[in-house]
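Here is the file protein.tsv (TSV, C-alpha atoms).
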chain	number	residue	atom	x	y	z
W	1	MET	CA	-13.92	-45.19	78.00
W	2	THR	CA	-15.21	-47.67	80.57
W	3	SER	CA	-17.95	-50.24	80.04
W	4	THR	CA	-20.86	-51.25	82.29
W	5	LYS	CA	-22.02	-54.13	80.10
W	6	THR	CA	-20.82	-56.84	82.48
W	7	ASN	CA	-23.08	-58.55	85.02
W	8	PRO	CA	-21.96	-57.94	88.61
W	9	GLY	CA	-24.73	-60.19	89.96
W	10	ASN	CA	-27.67	-59.19	92.09
W	11	TYR	CA	-27.24	-58.07	95.68
W	12	PHE	CA	-29.96	-58.53	98.28
W	13	GLU	CA	-31.51	-55.11	97.70
W	14	ASP	CA	-31.84	-55.84	93.96
W	15	PHE	CA	-34.42	-58.58	94.52
W	16	LYS	CA	-38.13	-57.79	94.57
W	17	PHE	CA	-40.97	-59.99	95.77
W	18	GLY	CA	-42.72	-61.54	92.77
W	19	GLN	CA	-39.80	-60.82	90.44
W	20	LEU	CA	-39.57	-63.22	87.47
W	21	ILE	CA	-36.13	-64.06	86.08
W	22	VAL	CA	-35.34	-65.82	82.80
W	23	HIS	CA	-31.88	-67.33	83.14
W	24	PRO	CA	-29.39	-67.65	80.29
W	25	THR	CA	-27.96	-69.96	78.79
W	26	PRO	CA	-29.91	-73.08	77.66
W	27	ARG	CA	-27.76	-76.20	77.92
W	28	THR	CA	-27.91	-79.36	75.81
W	29	VAL	CA	-26.89	-82.29	78.00
W	30	THR	CA	-24.86	-85.02	76.31
W	31	VAL	CA	-23.44	-88.45	77.06
W	32	GLY	CA	-20.19	-86.62	77.74
W	33	ASP	CA	-21.85	-84.88	80.68
W	34	VAL	CA	-23.07	-88.26	81.92
W	35	ALA	CA	-19.56	-89.73	81.74
W	36	LEU	CA	-18.05	-86.76	83.54
W	37	TYR	CA	-20.75	-86.86	86.22
W	38	THR	CA	-19.99	-90.53	86.79
W	39	SER	CA	-16.27	-89.83	87.01
W	40	LEU	CA	-16.86	-87.17	89.65
W	41	TYR	CA	-19.09	-89.19	91.98
W	42	GLY	CA	-18.87	-92.86	90.97
W	43	THR	CA	-22.66	-93.26	90.86
W	44	ARG	CA	-23.64	-96.91	90.19
W	45	PHE	CA	-27.43	-97.15	89.90
W	46	ALA	CA	-28.10	-99.64	87.11
W	47	VAL	CA	-30.97	-97.78	85.42
W	48	GLN	CA	-28.78	-94.71	84.84
W	49	SER	CA	-25.67	-96.77	84.01
W	50	SER	CA	-26.88	-99.20	81.35
W	51	ASP	CA	-29.03	-98.58	78.28
W	52	ALA	CA	-29.62	-102.34	78.05
W	53	PHE	CA	-30.85	-102.51	81.67
W	54	ALA	CA	-33.07	-99.45	81.25
W	55	LYS	CA	-34.59	-100.66	77.95
W	56	ALA	CA	-35.34	-104.09	79.40
W	57	ILE	CA	-37.61	-102.63	82.08
W	58	GLY	CA	-39.38	-100.00	79.96
W	59	TYR	CA	-37.24	-96.92	79.40
W	60	PRO	CA	-36.27	-95.93	75.83
W	61	LYS	CA	-32.67	-95.64	77.09
W	62	SER	CA	-30.85	-94.67	80.28
W	63	PRO	CA	-32.15	-91.39	81.73
W	64	LEU	CA	-29.81	-88.84	83.23
W	65	ASP	CA	-29.02	-89.20	86.90
W	66	ASP	CA	-31.69	-87.05	88.56
W	67	LEU	CA	-29.08	-84.94	90.31
W	68	LEU	CA	-27.30	-84.18	87.04
W	69	THR	CA	-30.59	-82.71	85.83
W	70	PHE	CA	-30.87	-80.80	89.11
W	71	HIS	CA	-27.34	-79.39	88.87
W	72	VAL	CA	-27.72	-78.21	85.28
W	73	VAL	CA	-31.02	-76.46	86.07
W	74	PHE	CA	-29.57	-75.06	89.31
W	75	GLY	CA	-26.38	-73.87	87.61
W	76	LYS	CA	-28.38	-71.73	85.18
W	77	THR	CA	-29.77	-69.77	88.14
W	78	THR	CA	-26.52	-68.82	89.86
W	79	PRO	CA	-25.51	-65.69	87.87
W	80	GLU	CA	-28.78	-63.95	88.75
W	81	ILE	CA	-29.57	-65.53	92.13
W	82	SER	CA	-26.38	-66.47	93.95
W	83	LEU	CA	-23.38	-64.83	92.29
W	84	ASN	CA	-22.99	-62.72	95.43
W	85	ALA	CA	-24.16	-65.39	97.84
W	86	ILE	CA	-22.42	-66.34	101.05
W	87	ALA	CA	-24.13	-69.72	101.23
W	88	ASN	CA	-26.97	-71.73	99.76
W	89	LEU	CA	-29.06	-72.59	102.83
W	90	GLY	CA	-31.66	-75.14	101.88
W	91	TYR	CA	-34.21	-76.71	99.54
W	92	ALA	CA	-37.85	-77.72	99.69
W	93	ASN	CA	-40.74	-78.99	97.57
W	94	CYS	CA	-38.41	-80.27	94.84
W	95	ARG	CA	-40.12	-82.52	92.30
W	96	PHE	CA	-38.57	-84.40	89.38
W	97	LEU	CA	-41.46	-84.41	86.93
W	98	LYS	CA	-40.18	-85.91	83.66
W	99	PRO	CA	-37.28	-88.18	82.71
W	100	VAL	CA	-34.42	-86.40	80.92
W	101	TYR	CA	-32.25	-88.15	78.36
W	102	PRO	CA	-28.96	-87.21	76.68
W	103	GLY	CA	-29.71	-84.74	73.90
W	104	ALA	CA	-32.28	-82.77	75.89
W	105	THR	CA	-31.83	-78.99	76.18
W	106	LEU	CA	-32.54	-77.56	79.62
W	107	ALA	CA	-33.40	-73.97	80.54
W	108	SER	CA	-34.33	-72.31	83.84
W	109	THR	CA	-36.59	-69.57	85.18
W	110	SER	CA	-37.05	-68.34	88.76
W	111	GLU	CA	-39.58	-66.39	90.79
W	112	VAL	CA	-38.70	-64.55	94.00
W	113	ILE	CA	-41.19	-65.84	96.59
W	114	GLY	CA	-39.66	-64.46	99.80
W	115	LEU	CA	-37.19	-61.93	101.22
W	116	LYS	CA	-35.86	-61.35	104.72
W	117	GLU	CA	-32.99	-59.10	105.74
W	118	ASN	CA	-30.68	-60.55	108.39
W	119	SER	CA	-30.13	-58.80	111.71
W	120	ASN	CA	-26.55	-57.78	110.80
W	121	ARG	CA	-27.99	-55.73	107.92
W	122	GLU	CA	-25.09	-56.91	105.78
W	123	THR	CA	-26.93	-59.87	104.24
W	124	GLY	CA	-30.39	-61.16	103.55
W	125	THR	CA	-32.12	-64.39	102.66
W	126	VAL	CA	-33.73	-64.71	99.24
W	127	TYR	CA	-36.32	-67.44	98.57
W	128	VAL	CA	-36.86	-68.50	94.96
W	129	ARG	CA	-38.89	-71.09	93.11
W	130	SER	CA	-36.92	-72.29	90.11
W	131	ILE	CA	-38.29	-74.31	87.21
W	132	GLY	CA	-36.33	-76.31	84.66
W	133	ARG	CA	-37.87	-77.00	81.24
W	134	ASP	CA	-36.73	-79.09	78.32
W	135	GLU	CA	-36.70	-78.05	74.66
W	136	THR	CA	-40.40	-78.90	74.30
W	137	GLY	CA	-41.32	-76.54	77.12
W	138	ASP	CA	-42.26	-79.35	79.50
W	139	VAL	CA	-41.33	-78.88	83.15
W	140	VAL	CA	-38.76	-81.47	84.19
W	141	LEU	CA	-37.90	-80.03	87.62
W	142	ASP	CA	-39.57	-77.63	90.05
W	143	TYR	CA	-37.98	-76.66	93.38
W	144	VAL	CA	-37.64	-73.98	96.05
W	145	ARG	CA	-34.35	-72.89	97.56
W	146	TRP	CA	-33.19	-70.13	99.86
W	147	VAL	CA	-29.83	-68.44	99.78
W	148	MET	CA	-27.98	-65.88	101.91
W	149	VAL	CA	-26.92	-62.96	99.71
W	150	ARG	CA	-24.67	-60.00	100.46
W	151	LYS	CA	-26.03	-56.46	100.48
W	152	ARG	CA	-24.34	-53.88	98.30
W	153	ASP	CA	-25.08	-51.13	100.84
W	154	LYS	CA	-25.58	-51.92	104.52
W	155	GLU	CA	-27.74	-48.81	104.88
W	156	ALA	CA	-30.14	-49.76	102.10
W	157	PRO	CA	-33.67	-50.05	103.52
W	158	ALA	CA	-34.93	-53.53	104.28
W	159	PRO	CA	-37.85	-54.88	102.26
W	160	GLU	CA	-40.96	-56.16	103.98
W	161	ALA	CA	-40.04	-59.55	105.41
W	162	ILE	CA	-41.87	-62.33	103.58
W	163	VAL	CA	-41.02	-65.95	104.37
W	164	PRO	CA	-42.99	-68.47	102.30
W	165	LYS	CA	-44.81	-71.33	104.00
W	166	LEU	CA	-43.66	-74.53	102.40
W	167	PRO	CA	-45.13	-78.06	102.68
W	168	ASP	CA	-43.41	-80.50	105.01
W	169	ARG	CA	-43.24	-83.10	102.27
W	170	VAL	CA	-44.14	-83.68	98.65
W	171	ASP	CA	-47.33	-85.71	98.33
W	172	PRO	CA	-46.45	-89.24	97.09
W	173	ALA	CA	-49.21	-88.87	94.50
W	174	GLU	CA	-47.01	-86.26	92.77
W	175	ILE	CA	-43.80	-88.24	92.44
W	176	GLY	CA	-44.31	-91.09	89.97
W	177	GLY	CA	-44.45	-89.16	86.70
W	178	ALA	CA	-40.75	-89.31	85.90
W	179	VAL	CA	-40.75	-93.12	85.80
W	180	PRO	CA	-42.52	-95.02	82.97
W	181	LYS	CA	-44.51	-98.15	83.76
W	182	LEU	CA	-41.83	-100.74	84.44
W	183	ASP	CA	-41.69	-104.46	83.72
W	184	ILE	CA	-40.29	-105.57	87.08
W	185	GLY	CA	-40.15	-109.15	85.83
W	186	LYS	CA	-37.23	-108.03	83.66
W	187	TYR	CA	-35.50	-106.08	86.44
W	188	ASP	CA	-32.27	-108.00	87.04
W	189	PHE	CA	-31.58	-107.68	90.76
W	190	ALA	CA	-28.19	-109.40	90.43
W	191	LEU	CA	-27.03	-106.81	87.90
W	192	ALA	CA	-28.51	-104.03	90.04
W	193	GLY	CA	-26.34	-105.20	92.94
W	194	SER	CA	-28.91	-106.11	95.59
W	195	PRO	CA	-31.98	-108.33	96.10
W	196	TYR	CA	-33.74	-105.81	98.34
W	197	ARG	CA	-37.00	-104.34	97.09
W	198	TRP	CA	-39.35	-101.68	98.45
W	199	GLY	CA	-41.04	-104.18	100.74
W	200	ASP	CA	-37.76	-105.22	102.38
W	201	TYR	CA	-37.26	-101.84	104.10
W	202	GLU	CA	-38.91	-100.81	107.36
W	203	VAL	CA	-39.71	-97.39	108.81
W	204	GLY	CA	-37.07	-96.52	111.39
W	205	GLU	CA	-34.38	-98.61	109.72
W	206	LYS	CA	-30.96	-96.96	109.62
W	207	ILE	CA	-28.29	-97.80	107.06
W	208	ALA	CA	-24.64	-96.81	107.34
W	209	HIS	CA	-23.46	-96.71	103.75
W	210	VAL	CA	-19.94	-97.77	104.76
W	211	ASP	CA	-17.94	-96.23	101.91
W	212	GLY	CA	-16.21	-92.86	102.08
W	213	MET	CA	-14.94	-90.60	99.33
W	214	THR	CA	-12.25	-87.95	99.72
W	215	LEU	CA	-13.03	-84.84	97.72
W	216	GLU	CA	-10.16	-83.29	95.79
W	217	GLU	CA	-9.79	-79.63	94.87
W	218	ALA	CA	-9.90	-80.33	91.15
W	219	GLU	CA	-13.08	-82.41	91.46
W	220	HIS	CA	-15.30	-79.77	92.99
W	221	GLN	CA	-13.88	-77.16	90.63
W	222	ILE	CA	-14.69	-79.34	87.61
W	223	ALA	CA	-18.19	-79.90	88.99
W	224	THR	CA	-19.01	-76.20	89.35
W	225	ARG	CA	-17.78	-75.56	85.82
W	226	LEU	CA	-19.65	-78.55	84.42
W	227	TYR	CA	-22.87	-77.07	85.81
W	228	GLN	CA	-21.85	-73.51	84.82
W	229	ASN	CA	-22.20	-72.50	88.46
W	230	THR	CA	-20.50	-69.12	88.73
W	231	ALA	CA	-20.94	-68.39	92.45
W	232	LYS	CA	-17.70	-66.76	93.65
W	233	VAL	CA	-17.51	-68.76	96.88
W	234	HIS	CA	-16.99	-71.96	94.90
W	235	PHE	CA	-14.38	-71.07	92.29
W	236	ASN	CA	-12.61	-67.76	92.96
W	237	GLN	CA	-9.70	-68.35	95.36
W	238	HIS	CA	-8.49	-64.77	94.89
W	239	THR	CA	-11.63	-63.36	96.51
W	240	GLU	CA	-12.24	-66.21	98.95
W	241	SER	CA	-8.70	-66.03	100.35
W	242	LYS	CA	-9.85	-62.78	101.96
W	243	GLY	CA	-13.10	-64.27	103.25
W	244	ARG	CA	-14.22	-66.03	106.40
W	245	PHE	CA	-12.60	-69.39	105.61
W	246	GLY	CA	-9.68	-68.25	103.50
W	247	LYS	CA	-10.51	-70.78	100.79
W	248	ARG	CA	-13.24	-71.88	98.42
W	249	ILE	CA	-16.31	-73.67	99.75
W	250	VAL	CA	-17.43	-76.81	97.95
W	251	TYR	CA	-20.76	-76.32	96.15
W	252	GLY	CA	-23.41	-77.98	98.30
W	253	GLY	CA	-24.74	-79.91	95.34
W	254	VAL	CA	-21.42	-81.75	95.18
W	255	VAL	CA	-22.03	-83.00	98.72
W	256	ILE	CA	-25.57	-84.07	97.78
W	257	SER	CA	-24.28	-86.00	94.77
W	258	LEU	CA	-21.53	-87.66	96.82
W	259	ALA	CA	-24.01	-88.70	99.51
W	260	ARG	CA	-26.45	-89.99	96.92
W	261	ALA	CA	-23.72	-92.00	95.17
W	262	LEU	CA	-22.49	-93.42	98.47
W	263	SER	CA	-26.06	-94.43	99.38
W	264	PHE	CA	-25.96	-97.02	96.60
W	265	ASN	CA	-24.34	-99.39	99.11
W	266	GLY	CA	-27.50	-100.27	101.04
W	267	LEU	CA	-30.07	-98.62	98.75
W	268	ASN	CA	-28.86	-100.20	95.49
W	269	ASN	CA	-32.30	-100.42	93.95
W	270	ALA	CA	-33.42	-96.89	94.91
W	271	PHE	CA	-32.68	-95.86	91.34
W	272	HIS	CA	-34.86	-92.73	91.16
W	273	LEU	CA	-34.62	-89.65	93.36
W	274	ALA	CA	-38.23	-88.59	92.97
W	275	ALA	CA	-38.44	-85.56	95.25
W	276	ILE	CA	-36.58	-83.54	97.85
W	277	ASN	CA	-38.93	-82.63	100.69
W	278	GLY	CA	-36.38	-80.46	102.44
W	279	GLY	CA	-32.67	-80.08	102.79
W	280	ARG	CA	-30.15	-78.14	104.79
W	281	HIS	CA	-26.46	-77.57	104.31
W	282	VAL	CA	-25.35	-77.72	107.93
W	283	SER	CA	-21.67	-76.85	107.62
W	284	PRO	CA	-19.16	-76.13	104.86
W	285	CYS	CA	-17.19	-78.77	103.02
W	286	PHE	CA	-13.68	-78.19	101.70
W	287	ALA	CA	-11.28	-80.00	99.43
W	288	GLY	CA	-9.51	-82.74	101.38
W	289	ASP	CA	-12.57	-83.70	103.43
W	290	THR	CA	-13.71	-87.32	103.28
W	291	VAL	CA	-17.48	-87.62	102.89
W	292	TYR	CA	-19.50	-90.50	104.37
W	293	ALA	CA	-23.26	-91.00	104.42
W	294	TRP	CA	-26.06	-92.78	106.25
W	295	SER	CA	-29.80	-93.03	105.74
W	296	GLU	CA	-32.91	-93.54	107.84
W	297	VAL	CA	-36.25	-94.72	106.43
W	298	LEU	CA	-38.84	-92.19	107.58
W	299	GLU	CA	-41.92	-93.33	105.68
W	300	LYS	CA	-43.13	-95.84	103.08
W	301	ALA	CA	-45.77	-95.03	100.48
W	302	GLU	CA	-47.56	-96.76	97.65
W	303	LEU	CA	-48.05	-94.67	94.52
W	304	PRO	CA	-51.58	-94.33	93.12
W	305	GLY	CA	-52.10	-96.72	90.22
W	306	ARG	CA	-48.59	-98.16	90.46
W	307	THR	CA	-47.77	-101.74	91.43
W	308	ASP	CA	-44.33	-101.70	89.84
W	309	VAL	CA	-42.57	-99.23	92.18
W	310	GLY	CA	-42.99	-97.92	95.72
W	311	ALA	CA	-41.61	-94.87	97.51
W	312	LEU	CA	-39.34	-94.63	100.52
W	313	ARG	CA	-38.99	-91.34	102.32
W	314	ILE	CA	-35.45	-91.23	103.61
W	315	ARG	CA	-33.30	-88.95	105.68
W	316	LEU	CA	-29.92	-88.86	103.91
W	317	VAL	CA	-27.12	-87.47	106.08
W	318	ALA	CA	-23.65	-86.58	104.83
W	319	VAL	CA	-20.80	-86.31	107.31
W	320	LYS	CA	-17.18	-85.35	106.85
W	321	ASN	CA	-14.28	-87.32	108.34
W	322	ASN	CA	-16.52	-89.71	110.33
W	323	ASP	CA	-17.44	-93.19	109.12
W	324	CYS	CA	-21.10	-92.89	110.25
W	325	ALA	CA	-21.12	-96.19	112.17
W	326	ASP	CA	-22.77	-94.30	115.05
W	327	PHE	CA	-25.23	-92.42	112.79
W	328	PRO	CA	-24.23	-88.86	113.76
W	329	LEU	CA	-26.88	-86.16	113.42
W	330	LYS	CA	-27.69	-84.02	116.47
W	331	LYS	CA	-26.43	-83.66	120.02
W	332	GLU	CA	-28.56	-83.67	123.16
W	333	ASP	CA	-28.93	-79.88	122.99
W	334	GLY	CA	-30.45	-80.14	119.52
W	335	GLN	CA	-27.43	-78.74	117.70
W	336	TYR	CA	-25.92	-80.69	114.84
W	337	ALA	CA	-23.06	-83.00	115.69
W	338	GLU	CA	-19.57	-82.04	114.63
W	339	GLY	CA	-18.85	-82.92	111.02
W	340	VAL	CA	-22.44	-83.14	109.78
W	341	LEU	CA	-22.55	-81.53	106.33
W	342	LEU	CA	-26.02	-82.22	105.03
W	343	GLU	CA	-29.45	-83.36	106.15
W	344	LEU	CA	-31.68	-84.20	103.20
W	345	ASP	CA	-35.27	-85.41	103.39
W	346	ALA	CA	-36.15	-87.12	100.10
W	347	TRP	CA	-38.38	-89.60	98.33
W	348	VAL	CA	-36.71	-92.42	96.37
W	349	LEU	CA	-38.42	-95.08	94.25
W	350	LEU	CA	-37.64	-98.80	94.30
W	351	PRO	CA	-39.09	-101.81	92.48
W	352	ARG	CA	-41.84	-103.69	94.33
Spit out the file's structure as structure tokens when you get a sec.
Amino acid sequence: MTSTKTNPGNYFEDFKFGQLIVHPTPRTVTVGDVALYTSLYGTRFAVQSSDAFAKAIGYPKSPLDDLLTFHVVFGKTTPEISLNAIANLGYANCRFLKPVYPGATLASTSEVIGLKENSNRETGTVYVRSIGRDETGDVVLDYVRWVMVRKRDKEAPAPEAIVPKLPDRVDPAEIGGAVPKLDIGKYDFALAGSPYRWGDYEVGEKIAHVDGMTLEEAEHQIATRLYQNTAKVHFNQHTESKGRFGKRIVYGGVVISLARALSFNGLNNAFHLAAINGGRHVSPCFAGDTVYAWSEVLEKAELPGRTDVGALRIRLVAVKNNDCADFPLKKEDGQYAEGVLLELDAWVLLPR
């Protein structure tokens, strides 16, 4: 007797426009997760590192790193959305709406908001809006992503192509809710590692973050398991040895977290990643690559009713095996420069 009770994951033709998906399994995030996240990326932002620092300025205790929240919510979605994915392609309209603290339980739901079969008829792009909620039912994270998914049957008919129109950026009026009113007079800039506030940055300013971090095989494997990310391309060498690259691809979120951690050197006081306006994984990353990062200030914004913090819109670029002193991004023909891994357009908050 054979069983069909296992989940083989959805293929492109299994998705339907408007489909609502409730993802298993809720996950209670602990201080152990925080410690492991720190050990993987070396993040150093003071608000997320020190209960004493966070309490002094107005938090009840240190919140989770925003990207740890993102990865846990994202990881819930992979068995139903991207188990049979070739690559996660990009993000948009991502908003961090409520601070999350150790002890919170996070759960995810998704809605299919777009579908488009690719010209090779072997794959298609699926657009989903995913929402993460805590144990009270409050939304802590809301984002859109699109992912290239294999078809089960090349001859399966293509659905009507629907590509959602997404905003170019999150409105700054929507990005302050995850930070309580802060007492900036008690914000210790020496302990935070830099004297530079929101007003010290200028639009057009570029910052090479100097440091590089070599990614080991075990590290990206631990990360995908920590987030319960079950996408085959990230953890199954048996299947991926027969694929295009012959080895596992590093989960793109690992690259985002590395770039964000590296950005501390130059953006030390940008303690809150408030929103991701858009993001693109440009090329694959593999174990053994050394990741560097640089940032460009694209826009500055005051937040309505807030004099304690201000927002910087930054372009955060991750590059492999290049120290970023020359700020690599695109060539004269408009194509990305060799080694560029990630281009992320995001809002970060700093004290004023």
Correct to one decimal, the distance CA of Phe189 in chain W-CA of Thr43 in chain W is 17.0 Å
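CA of Gly114 in chain W sits 4.9 Å away from CA of Ile162 in chain W.
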Using only C-alpha atoms, which residues sit within 6 Å of range 301-318 of chain W once same-chain residues fewer than 2 positions away are excluded, as a list in words? Ala173, Trp198, Ala259, Tyr292, Ala293, Trp294, Ser295, Glu296, Val297, Leu298, Glu299, Leu341, Leu342, Glu343, Leu344, Asp345, Ala346, Trp347, Val348, Leu349, Leu350, Pro351 and Arg352 of chain W
For Thr125 in chain W, please output as a list of chain:residue names all residues within 8 Å (counting all atoms listed in the file; exclusion window: fewer than 6 positions along the same chain). W:Phe12, W:Leu115, W:Lys116, W:Glu117, W:Asn118, W:Trp146, W:Val147, W:Met148, W:Val149
Excluding Val31 in chain W and residues on its chain fewer than 3 positions from it, collect all residues at most 12 Å away from it, counting only C-alpha atoms, and give them as a ChimeraX atom specification. /W:28,34-38,48-49,51,61-65,68,100-104
Please provide as a PyMOL selection string all residues within 10 Å of Lys186 in chain W, with the sequence filter that same-chain residues fewer than 3 positions apart are discarded (counting all atoms listed in the file). chain W and resi 53-58+182-183+189
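Coordinates place CA of Ser108 in chain W at a distance of 14.3 Å from CA of Gln19 in chain W.
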Distance criterion (all atoms listed in the file): nearest to Leu267 in chain W out of W:Phe245, W:Tyr41, W:Tyr201, W:Tyr91: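 Closest to Leu267 in chain W of all the choices is W:Tyr201.
Residues having any atom no farther than 8 Å from (-25.6, -72.9, 79.3) (counting all atoms listed in the file) are Pro24, Thr25, Pro26, Arg27, Thr28, Lys76, Ala107 and Gln228 of chain W.
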Emit as lines of an AutoDock Vina configuration file the padded axis-aligned box for all listed atoms of range 209-213 of chain W, 4 Å per side, with centre and edge lengths in Å to one decimal.
center_x = -19.2
center_y = -94.2
center_z = 102.0
size_x = 16.5
size_y = 15.2
size_z = 13.4
Which residue, W:Arg129, W:Lys320, W:His220, W:Arg280, has the smallest gap to Gly18 in chain W when you use all atoms listed in the file?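 Of W:Arg129, W:Lys320, W:His220, W:Arg280, the one nearest Gly18 in chain W, counting all atoms listed in the file, is W:Arg129.
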Option closest in space to Glu13 in chain W, from W:Thr78, W:Thr239, W:Asn84, W:Asn321 [counting only C-alpha atoms]: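 Residue with the minimum atom-to-atom distance to Glu13 in chain W: W:Asn84.
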Between W:Gly339, W:Ile276, W:Ala46, W:Asp211, which one has atoms that come closest to Ala190 in chain W, using only C-alpha atoms?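 Distance minimum relative to Ala190 in chain W lands on W:Ala46.
Distances from W:Ile21, W:Tyr196, W:Asn229, W:Asp33 to Ser82 in chain W were compared using all atoms listed in the file, and the smallest one belongs to W:Asn229.
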Pick out the closest residue to Asn265 in chain W from this set: W:Asp333, W:Ala325, W:Tyr11, W:Ser194. Count only C-alpha atoms.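 The closest residue to Asn265 in chain W is W:Ser194.
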